[in-house]
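Colleague: Here's a structure for you.
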Amino acid sequence: MAFRCRGGYDGAIHFWGTQGSSSPIESLPLAHEGPVWSLAWHPLGHLLVSGSNDYSTRFWSRARPGDRAFEQFLPKRVGVIPGEA
C-alpha cells in the first residue's frame, strides 16, 4: 500500500492513499509541537522522517515491504529524544 503524506501548520502529519481520496485515511495530530516543514521517506518506504519548526526531527516506522496487516502500515514514532520523555 502506497501513501502520500503532508505536514500541517498545526504540527500534524496526514496520510492519504494513492487512489485519490479527498480526505486523509489517517492523521498523527500531535506529531510535532510546531509546524511540520519537511517529510522524507526511506527508499524502501518503512521509515519516515519529519522536521519541524519546533527544532525537532522525528523518525516514524511502519511495516516493512511485504507485511500485510493494515494497522502496521501507518507510521508510529520510533524513539524518544532525550528531554522529551
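Scheme for the C-alpha cells: letters A, B, ... for chains in order shown; per-chain residue numbers from 1; ligand numbers from 1 in order shown.
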For Gly51 in chain A, work out the shell of residues within 7 Å, counting only C-alpha atoms and skipping chain neighbours fewer than 3 positions away, then give it as a PyMOL selection string.

Modeller: chain A and resi 36-39+56-58

Colleague: Keeping only C-alpha atoms, write those residues as a short mmCIF file (atom, residue, chain, number, x, y, z; two decimals), in the first residue's frame.

Modeller:
data_model
loop_
_atom_site.label_atom_id
_atom_site.label_comp_id
_atom_site.auth_asym_id
_atom_site.auth_seq_id
_atom_site.Cartn_x
_atom_site.Cartn_y
_atom_site.Cartn_z
CA VAL A 36 5.93 20.42 10.11
CA TRP A 37 8.25 21.78 7.43
CA SER A 38 9.72 18.64 5.87
CA LEU A 39 8.96 14.96 5.37
CA SER A 56 12.98 18.61 16.35
CA THR A 57 13.50 15.78 13.90
CA ARG A 58 11.40 12.68 14.47
#

Colleague: Compile the contact shell of Phe15 in chain A as a list in words: residues with an atom at most 8 Å away, counting only C-alpha atoms, same-chain residues fewer than 4 positions apart removed.

Modeller: Phe3, Arg4, Cys5, Arg6, Pro24, Ile25, Glu26 and Ser27 of chain A

Colleague: Taking only C-alpha atoms into account, which of A:Trp60, A:Val49, A:Ala2, A:Ile13 comes nearest Leu30 in chain A?

Modeller: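 Among the listed residues, the smallest separation from Leu30 in chain A belongs to A:Ile13.
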
Colleague: Closest to Leu47 in chain A among A:Phe59, A:Glu33, A:Gln19, A:Asp10, using only C-alpha atoms?

Modeller: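 For Leu47 in chain A, the nearest of the candidates is A:Phe59.
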
Colleague: For the atom pair CA of His14 in chain A and CA of Ser50 in chain A, what is the interatomic distance in Å to one decimal place?

Modeller: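 Computing it gives 11.8 Å between the two atoms.
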
Colleague: How many Å lie between CA of Thr18 in chain A and CA of Gly34 in chain A, rounded to one decimal?

Modeller: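 Computed distance, CA of Thr18 in chain A to CA of Gly34 in chain A, equals 26.7 Å.
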
Colleague: If I take CA of Ser23 in chain A and CA of Asp54 in chain A, how far is one from the other in Å, to one decimal?

Modeller: 26.1 Å
